[in-house]
Amino acid sequence: MTTTARAPLGAPARARFDVERVRADFPLLQQRVADGRPLVYLDNAATTQKPRQVIDAISRFYSEDNANIHRGVYDLCERATRLYEGSRIRTARFVNAGDDREIVFVRGTTEGVNLVAQSFCKPRLAAGDEVLVSAMEHHSNIVPWQLICGEKGARLRVIPMNERGELVLDGLDALLGPRTRMVAVGHVSNALGTINPVKEIVARAHAKGIPVLVDGAQALPHLRVDVRDLGCDFYAASGHKVFGPTGIGFLYGTLEHLEAMPPYQGGGDMIRSVSFAGTTYAPPPARFEAGTPNIAGAVGMAAALEYVAALDWEAVVAHEADLLAHATQALAAVPGLRIIGTAAEKVGVVSFVLEGAHAHDVGTIVDQDGVAVRTGHHCAQPVMEFFGIPATARASFAFYNTHAEVDALASAVARVREVLG
Ligand code: PMP
């Protein structure tokens with residue numbers, strides 16, 4: 001993890017994060033629900049809201065710049081192509097990739113992981129080989145590996161975690177064995193909020209020549225991600241988790257790997273030449289972007305990254321840490337409430353169970369107060385199994401959330417047992 005301030009060196013003492021000014025950029029947050037109460041949106045780990053700048057960029061693209069990319073000679077096509085490829089450059093810069101050809105646009109994290117599993121890992125996998133994931137992975141970073149392991153007779157192995165929801169790395173060197181072909185690990189857990197020491201995991205895997213994919217879906221909105229500093233081979237993320245649109249994300253892969261990988265899907269735009277005798281493929285990233293891509297999505301995601309990059313990042317980090325500390329304290333004070341996931345290094349995610357109440361009841365009752373939290377297994381059933389619970393309620397914060405919203409959450413949760421009697 002690398003966190004960097006955006007203010008120039010020697011700038012005067014930093015002002016507090018101006019959350020109200022930032023909230024004004026997000027039209028959806030202005031609405032009222034539940035008897036006229038303000039919406040308290042605390043489901044940011046599922047998807048984030050979009051600032052006006054992103055909505056406008058997408059609207060502007062369709063109003064002024066829409067054309068299919070890469071294959072036309074007319075001005076509009078060239079403009080659309082420039083915007084799409086400019087979005088790639090913006091994305092590369094955001095994660096500090098060394099070359100914009102290392103950014104492949106995909107539908108989201110899920111597609112990025114599947115691409116690496118199918119195109120990079122599967123050809124290297126033989127019966128008896130192993131793929132290593134962690135105990136706190138999202139299903140998107142488990143099932144793609146199970147699919148290829150099942151096909152090849154390989155085995156999925158798991159880095160364990162402790163009761164706080166932290167990875168236990170004592171046995172990592174033993175797990176990184178001679179048959180390990182790939183490590184796939186989440187940067188931040190969506191169910192627990194844990195920030196994993198991915199840089200260390202990459203270093204220890206690389207010491208044995210084992211490549212690493214990082215699932216960055218939950219990291220991008222909270223951490224400054226530097227893929228070269230992490231040293232990972234692949235990094236997958238989703239636009240919609242970082243204030244951009246759905247249906248777009250990116251896979252970072254080192255040029256060396258991408259150039260050696262076969263296509264993932266066949267179709268238009270990924271070829272160099274096609275004949276019935278045989279086809280040759282375009283170099284990356286086009287090789288992995290078959291068909292008309294989500295052009296407006298890429299433009300919207302780039303606008304979101306632009307928006308995030310312009311924030312005073314130190315102030316964002318301090319504000320989110322403050323929200324997390326306040327929520328942890330306020331919720332822990334509710335009788336019968338147990339927080340699931342108490343790692344020392346966390347982002348603003350608080351998963352919890354309430355004695356005598358099913359998580360879905362918690363979610364339904366707090367919704368009556370206008371508070372939106374997610375309930376369920378959060379696509380991390382092995383995490384639920386580890387803690388011996390079927391589900392949690394989860395409040396997840398973004399930089400636009402406020403202290404008052406945390407208070408609204410805590411008082412709504414405190415009311416649940418009253419309502420249930
Ligand atoms: N990994 C993690 C840690 C996630 O939180 C999510 C989304 N909940 C995903 C992967 C999948 O992301 P997407 O659905 O955008 O592909």
# chains A, B, ... in the order shown; residues from 1 in each chain; ligands from 1
>>> residues_around(residues="Tyr400 in chain A", least_positions_apart="2", cutoff="8 Å", atoms="only C-alpha atoms", output="list in words")
Val19, Glu20, Val22, Arg23, Phe397, Ala398 and Thr402 of chain A
>>> residues_near_ligand(ligand="ligand 1", cutoff="9 Å", atoms="only C-alpha atoms and all ligand atoms", output="short mmCIF file (atom, residue, chain, number, x, y, z; two decimals) with C-alpha atoms, in the first residue's frame")
data_model
loop_
_atom_site.label_atom_id
_atom_site.label_comp_id
_atom_site.auth_asym_id
_atom_site.auth_seq_id
_atom_site.Cartn_x
_atom_site.Cartn_y
_atom_site.Cartn_z
CA ALA A 45 -18.47 -2.18 -0.68
CA ALA A 46 -21.28 -3.44 -2.94
CA THR A 47 -21.14 -0.42 -5.19
CA ARG A 107 -16.22 -5.96 -17.31
CA GLY A 108 -14.88 -5.87 -13.78
CA THR A 109 -12.79 -7.72 -11.23
CA THR A 110 -14.62 -10.98 -11.88
CA GLU A 111 -13.75 -10.96 -15.56
CA GLY A 112 -10.17 -9.93 -14.82
CA VAL A 113 -9.66 -12.92 -12.53
CA MET A 136 -11.08 -14.47 3.05
CA GLU A 137 -11.50 -14.36 -0.72
CA HIS A 138 -14.62 -13.17 -2.51
CA HIS A 139 -16.22 -15.94 -4.58
CA SER A 140 -14.86 -14.14 -7.67
CA ASN A 141 -11.36 -15.00 -6.54
CA GLY A 186 -7.45 -10.07 -2.14
CA HIS A 187 -5.92 -6.70 -1.30
CA VAL A 188 -8.86 -5.81 0.95
CA SER A 189 -11.59 -8.16 2.18
CA ASN A 190 -15.11 -7.06 1.28
CA ALA A 191 -16.65 -9.05 4.15
CA ASP A 215 -7.92 -8.82 -6.35
CA GLY A 216 -8.08 -5.07 -5.86
CA ALA A 217 -11.87 -4.61 -6.02
CA GLN A 218 -12.10 -3.21 -2.49
CA ALA A 219 -8.71 -1.57 -2.31
CA ALA A 236 -7.87 -6.69 -11.08
CA ALA A 237 -10.40 -4.00 -10.16
CA SER A 238 -13.93 -2.76 -10.92
CA GLY A 239 -14.97 0.74 -11.96
CA HIS A 240 -18.21 0.70 -9.99
CA LYS A 241 -16.40 0.18 -6.67
CA THR A 246 -20.82 -0.73 -13.71
CA GLY A 247 -19.78 -3.06 -16.51
CA ILE A 248 -16.22 -1.75 -16.72
CA GLY A 249 -13.04 -2.56 -14.85
CA HIS A 378 -21.29 -10.99 0.90
CA CYS A 379 -20.13 -13.58 -1.68
CA ALA A 380 -17.66 -14.83 0.91
#
>>> residues_around(residues="range 177-185 of chain A", least_positions_apart="3", cutoff="8 Å", atoms="only C-alpha atoms", output="list in words")
Cys121, Arg124, Leu125, Gly128, Asp129, Glu130, Val131, Leu132, Val133, Ser134, Glu137, Asn141, Asp173, Ala174, Val198, Ala205, Ile210, Pro211, Val212, Leu213, Val214 and Asp215 of chain A
>>> write_last_selection(atoms="all heavy atoms", output="compact mmCIF listing (two decimals), in the first residue's frame")
# COMPACT_ATOMS: atom_id res chain seq x y z
N CYS A 121 -3.06 -18.98 -16.32
CA CYS A 121 -2.78 -20.07 -15.37
C CYS A 121 -3.07 -21.46 -15.96
O CYS A 121 -2.27 -22.37 -15.81
CB CYS A 121 -3.56 -19.84 -14.08
SG CYS A 121 -3.02 -20.88 -12.73
N ARG A 124 -0.56 -23.50 -17.74
CA ARG A 124 0.61 -23.88 -16.94
C ARG A 124 0.29 -24.94 -15.91
O ARG A 124 1.16 -25.31 -15.11
CB ARG A 124 1.11 -22.66 -16.15
CG ARG A 124 1.56 -21.52 -16.99
CD ARG A 124 1.59 -20.26 -16.17
NE ARG A 124 2.35 -19.24 -16.91
CZ ARG A 124 3.44 -18.64 -16.45
NH1 ARG A 124 3.88 -18.88 -15.24
NH2 ARG A 124 4.08 -17.77 -17.19
N LEU A 125 -0.98 -25.36 -15.87
CA LEU A 125 -1.44 -26.21 -14.78
C LEU A 125 -1.48 -27.69 -15.21
O LEU A 125 -2.01 -28.00 -16.28
CB LEU A 125 -2.85 -25.74 -14.39
CG LEU A 125 -3.27 -25.74 -12.93
CD1 LEU A 125 -2.28 -25.04 -12.03
CD2 LEU A 125 -4.66 -25.09 -12.80
N GLY A 128 -2.03 -32.40 -10.10
CA GLY A 128 -1.18 -32.39 -8.90
C GLY A 128 -0.60 -31.02 -8.58
O GLY A 128 -0.05 -30.81 -7.50
N ASP A 129 -0.74 -30.06 -9.51
CA ASP A 129 -0.27 -28.70 -9.24
C ASP A 129 -1.23 -28.02 -8.25
O ASP A 129 -2.33 -28.51 -7.98
CB ASP A 129 -0.22 -27.88 -10.53
CG ASP A 129 1.01 -28.22 -11.37
OD1 ASP A 129 1.92 -28.88 -10.84
OD2 ASP A 129 1.03 -27.84 -12.56
N GLU A 130 -0.80 -26.86 -7.77
CA GLU A 130 -1.61 -26.15 -6.77
C GLU A 130 -1.77 -24.67 -7.11
O GLU A 130 -0.86 -24.05 -7.67
CB GLU A 130 -0.93 -26.27 -5.40
CG GLU A 130 -0.89 -27.71 -4.90
CD GLU A 130 -0.03 -27.89 -3.66
OE1 GLU A 130 0.57 -26.89 -3.18
OE2 GLU A 130 0.04 -29.02 -3.17
N VAL A 131 -2.94 -24.14 -6.74
CA VAL A 131 -3.19 -22.69 -6.78
C VAL A 131 -3.51 -22.28 -5.35
O VAL A 131 -4.28 -22.96 -4.66
CB VAL A 131 -4.38 -22.36 -7.72
CG1 VAL A 131 -4.74 -20.89 -7.62
CG2 VAL A 131 -4.06 -22.74 -9.16
N LEU A 132 -2.90 -21.18 -4.93
CA LEU A 132 -3.06 -20.76 -3.53
C LEU A 132 -3.90 -19.49 -3.46
O LEU A 132 -3.58 -18.48 -4.10
CB LEU A 132 -1.66 -20.51 -2.95
CG LEU A 132 -1.56 -20.18 -1.46
CD1 LEU A 132 -2.10 -21.33 -0.59
CD2 LEU A 132 -0.10 -19.89 -1.08
N VAL A 133 -4.99 -19.56 -2.69
CA VAL A 133 -5.81 -18.37 -2.43
C VAL A 133 -5.83 -18.15 -0.92
O VAL A 133 -5.14 -18.86 -0.18
CB VAL A 133 -7.26 -18.53 -2.98
CG1 VAL A 133 -7.25 -18.69 -4.49
CG2 VAL A 133 -7.97 -19.70 -2.32
N SER A 134 -6.61 -17.17 -0.45
CA SER A 134 -6.66 -16.98 1.00
C SER A 134 -8.05 -17.30 1.53
O SER A 134 -9.01 -17.40 0.77
CB SER A 134 -6.28 -15.54 1.37
OG SER A 134 -7.44 -14.75 1.49
N GLU A 137 -11.23 -14.83 0.65
CA GLU A 137 -11.50 -14.36 -0.72
C GLU A 137 -12.99 -14.23 -1.00
O GLU A 137 -13.82 -14.98 -0.49
CB GLU A 137 -10.87 -15.31 -1.75
CG GLU A 137 -9.36 -15.38 -1.70
CD GLU A 137 -8.68 -14.02 -1.69
OE1 GLU A 137 -9.08 -13.13 -2.46
OE2 GLU A 137 -7.76 -13.84 -0.86
N ASN A 141 -12.76 -14.62 -6.56
CA ASN A 141 -11.36 -15.00 -6.54
C ASN A 141 -11.18 -16.41 -5.97
O ASN A 141 -10.11 -16.77 -5.49
CB ASN A 141 -10.54 -13.98 -5.74
CG ASN A 141 -9.05 -14.03 -6.08
OD1 ASN A 141 -8.66 -14.43 -7.18
ND2 ASN A 141 -8.22 -13.64 -5.13
N ASP A 173 5.46 -19.93 3.67
CA ASP A 173 6.57 -20.49 2.89
C ASP A 173 6.36 -21.98 2.62
O ASP A 173 6.73 -22.49 1.55
CB ASP A 173 7.90 -20.23 3.58
CG ASP A 173 8.23 -18.73 3.56
OD1 ASP A 173 7.80 -18.05 2.62
OD2 ASP A 173 8.87 -18.24 4.51
N ALA A 174 5.72 -22.66 3.59
CA ALA A 174 5.44 -24.08 3.38
C ALA A 174 4.32 -24.26 2.35
O ALA A 174 4.34 -25.22 1.56
CB ALA A 174 5.05 -24.74 4.71
N VAL A 198 -0.24 -7.53 0.93
CA VAL A 198 -0.02 -8.16 -0.37
C VAL A 198 1.41 -7.98 -0.89
O VAL A 198 1.94 -8.83 -1.58
CB VAL A 198 -1.05 -7.70 -1.43
CG1 VAL A 198 -2.39 -8.37 -1.20
CG2 VAL A 198 -1.21 -6.22 -1.47
N ALA A 205 6.22 -15.01 -2.58
CA ALA A 205 5.89 -15.89 -3.71
C ALA A 205 6.95 -15.75 -4.81
O ALA A 205 7.43 -16.74 -5.36
CB ALA A 205 4.51 -15.55 -4.26
N ILE A 210 6.91 -17.75 -8.11
CA ILE A 210 5.47 -17.99 -8.29
C ILE A 210 4.74 -16.66 -8.55
O ILE A 210 4.89 -15.71 -7.78
CB ILE A 210 4.87 -18.66 -7.02
CG1 ILE A 210 5.60 -19.99 -6.75
CG2 ILE A 210 3.37 -18.90 -7.18
CD1 ILE A 210 5.37 -20.53 -5.36
N PRO A 211 3.97 -16.59 -9.63
CA PRO A 211 3.26 -15.34 -9.95
C PRO A 211 2.07 -15.08 -9.04
O PRO A 211 1.48 -16.02 -8.49
CB PRO A 211 2.81 -15.55 -11.40
CG PRO A 211 2.82 -17.02 -11.62
CD PRO A 211 3.79 -17.63 -10.65
N VAL A 212 1.73 -13.80 -8.90
CA VAL A 212 0.66 -13.40 -7.97
C VAL A 212 -0.34 -12.48 -8.66
O VAL A 212 0.04 -11.48 -9.28
CB VAL A 212 1.23 -12.67 -6.74
CG1 VAL A 212 0.12 -12.29 -5.75
CG2 VAL A 212 2.29 -13.52 -6.04
N LEU A 213 -1.62 -12.83 -8.49
CA LEU A 213 -2.71 -11.92 -8.87
C LEU A 213 -3.28 -11.31 -7.60
O LEU A 213 -3.51 -12.01 -6.61
CB LEU A 213 -3.82 -12.67 -9.61
CG LEU A 213 -5.09 -11.85 -9.87
CD1 LEU A 213 -5.63 -12.07 -11.28
CD2 LEU A 213 -6.19 -12.13 -8.84
N VAL A 214 -3.50 -10.00 -7.63
CA VAL A 214 -4.15 -9.32 -6.51
C VAL A 214 -5.55 -8.89 -6.94
O VAL A 214 -5.71 -8.25 -7.99
CB VAL A 214 -3.33 -8.10 -6.04
CG1 VAL A 214 -4.05 -7.38 -4.90
CG2 VAL A 214 -1.93 -8.52 -5.60
N ASP A 215 -6.54 -9.28 -6.14
CA ASP A 215 -7.92 -8.82 -6.35
C ASP A 215 -8.05 -7.48 -5.64
O ASP A 215 -8.11 -7.42 -4.41
CB ASP A 215 -8.88 -9.87 -5.78
CG ASP A 215 -10.32 -9.36 -5.67
OD1 ASP A 215 -10.57 -8.17 -5.93
OD2 ASP A 215 -11.18 -10.18 -5.32
>>> residues_around(residues="Phe105 in chain A", least_positions_apart="3", cutoff="8 Å", atoms="only C-alpha atoms", output="number ranges by chain")
A: 88, 248-251, 289, 293, 298
>>> write_last_selection(atoms="all heavy atoms", output="PDB file, in the first residue's frame")
ATOM      1  N   ARG A  88      -7.459   4.602 -20.919  1.00  0.00           N
ATOM      2  CA  ARG A  88      -6.461   3.563 -20.572  1.00  0.00           C
ATOM      3  C   ARG A  88      -5.224   4.225 -19.952  1.00  0.00           C
ATOM      4  O   ARG A  88      -4.680   3.748 -18.943  1.00  0.00           O
ATOM      5  CB  ARG A  88      -6.083   2.792 -21.843  1.00  0.00           C
ATOM      6  CG  ARG A  88      -5.345   1.493 -21.553  1.00  0.00           C
ATOM      7  CD  ARG A  88      -4.811   0.836 -22.824  1.00  0.00           C
ATOM      8  NE  ARG A  88      -5.754   0.633 -23.903  1.00  0.00           N
ATOM      9  CZ  ARG A  88      -6.657  -0.355 -23.956  1.00  0.00           C
ATOM     10  NH1 ARG A  88      -6.719  -1.232 -22.981  1.00  0.00           N
ATOM     11  NH2 ARG A  88      -7.481  -0.463 -24.987  1.00  0.00           N
ATOM     12  N   ILE A 248     -17.578  -2.089 -16.266  1.00  0.00           N
ATOM     13  CA  ILE A 248     -16.221  -1.750 -16.718  1.00  0.00           C
ATOM     14  C   ILE A 248     -15.264  -1.937 -15.540  1.00  0.00           C
ATOM     15  O   ILE A 248     -15.608  -1.659 -14.390  1.00  0.00           O
ATOM     16  CB  ILE A 248     -16.135  -0.308 -17.273  1.00  0.00           C
ATOM     17  CG1 ILE A 248     -14.743  -0.003 -17.880  1.00  0.00           C
ATOM     18  CG2 ILE A 248     -16.481   0.712 -16.191  1.00  0.00           C
ATOM     19  CD1 ILE A 248     -14.478  -0.650 -19.203  1.00  0.00           C
ATOM     20  N   GLY A 249     -14.104  -2.427 -15.847  1.00  0.00           N
ATOM     21  CA  GLY A 249     -13.044  -2.561 -14.853  1.00  0.00           C
ATOM     22  C   GLY A 249     -11.753  -2.731 -15.618  1.00  0.00           C
ATOM     23  O   GLY A 249     -11.729  -2.561 -16.838  1.00  0.00           O
ATOM     24  N   PHE A 250     -10.706  -3.057 -14.910  1.00  0.00           N
ATOM     25  CA  PHE A 250      -9.449  -3.263 -15.640  1.00  0.00           C
ATOM     26  C   PHE A 250      -8.653  -4.390 -15.010  1.00  0.00           C
ATOM     27  O   PHE A 250      -8.799  -4.702 -13.828  1.00  0.00           O
ATOM     28  CB  PHE A 250      -8.614  -1.972 -15.683  1.00  0.00           C
ATOM     29  CG  PHE A 250      -8.099  -1.531 -14.332  1.00  0.00           C
ATOM     30  CD1 PHE A 250      -6.879  -1.992 -13.835  1.00  0.00           C
ATOM     31  CD2 PHE A 250      -8.843  -0.671 -13.542  1.00  0.00           C
ATOM     32  CE1 PHE A 250      -6.416  -1.595 -12.592  1.00  0.00           C
ATOM     33  CE2 PHE A 250      -8.384  -0.264 -12.286  1.00  0.00           C
ATOM     34  CZ  PHE A 250      -7.165  -0.738 -11.813  1.00  0.00           C
ATOM     35  N   LEU A 251      -7.859  -4.965 -15.872  1.00  0.00           N
ATOM     36  CA  LEU A 251      -6.861  -5.925 -15.409  1.00  0.00           C
ATOM     37  C   LEU A 251      -5.507  -5.345 -15.749  1.00  0.00           C
ATOM     38  O   LEU A 251      -5.223  -5.067 -16.926  1.00  0.00           O
ATOM     39  CB  LEU A 251      -7.038  -7.276 -16.114  1.00  0.00           C
ATOM     40  CG  LEU A 251      -5.905  -8.267 -15.829  1.00  0.00           C
ATOM     41  CD1 LEU A 251      -5.996  -8.795 -14.401  1.00  0.00           C
ATOM     42  CD2 LEU A 251      -5.926  -9.413 -16.826  1.00  0.00           C
ATOM     43  N   GLU A 289      -9.366  -7.814 -25.748  1.00  0.00           N
ATOM     44  CA  GLU A 289     -10.572  -6.975 -25.764  1.00  0.00           C
ATOM     45  C   GLU A 289     -11.402  -7.273 -27.003  1.00  0.00           C
ATOM     46  O   GLU A 289     -11.654  -6.402 -27.841  1.00  0.00           O
ATOM     47  CB  GLU A 289     -10.190  -5.492 -25.665  1.00  0.00           C
ATOM     48  CG  GLU A 289      -9.542  -5.138 -24.335  1.00  0.00           C
ATOM     49  CD  GLU A 289      -9.163  -3.675 -24.201  1.00  0.00           C
ATOM     50  OE1 GLU A 289      -9.428  -2.871 -25.110  1.00  0.00           O
ATOM     51  OE2 GLU A 289      -8.565  -3.329 -23.154  1.00  0.00           O
ATOM     52  N   PRO A 293     -16.006  -2.818 -27.109  1.00  0.00           N
ATOM     53  CA  PRO A 293     -15.901  -2.739 -25.645  1.00  0.00           C
ATOM     54  C   PRO A 293     -16.895  -1.728 -25.057  1.00  0.00           C
ATOM     55  O   PRO A 293     -17.622  -1.066 -25.801  1.00  0.00           O
ATOM     56  CB  PRO A 293     -14.466  -2.265 -25.438  1.00  0.00           C
ATOM     57  CG  PRO A 293     -14.156  -1.459 -26.655  1.00  0.00           C
ATOM     58  CD  PRO A 293     -14.958  -2.048 -27.785  1.00  0.00           C
ATOM     59  N   ALA A 298     -15.500   2.973 -20.056  1.00  0.00           N
ATOM     60  CA  ALA A 298     -14.080   3.307 -19.867  1.00  0.00           C
ATOM     61  C   ALA A 298     -13.923   4.810 -19.633  1.00  0.00           C
ATOM     62  O   ALA A 298     -13.155   5.240 -18.764  1.00  0.00           O
ATOM     63  CB  ALA A 298     -13.270   2.853 -21.079  1.00  0.00           C
TER      64      ALA A 298
END
>>> closest_residue(among="A:Pro285, A:Gly421, A:Gly348, A:Gly356", to="Asp43 in chain A", atoms="only C-alpha atoms")
A:Gly348
>>> closest_residue(among="A:Asn294, A:Gln381, A:Gln31, A:Thr280", to="Ile58 in chain A", atoms="only C-alpha atoms")
A:Asn294
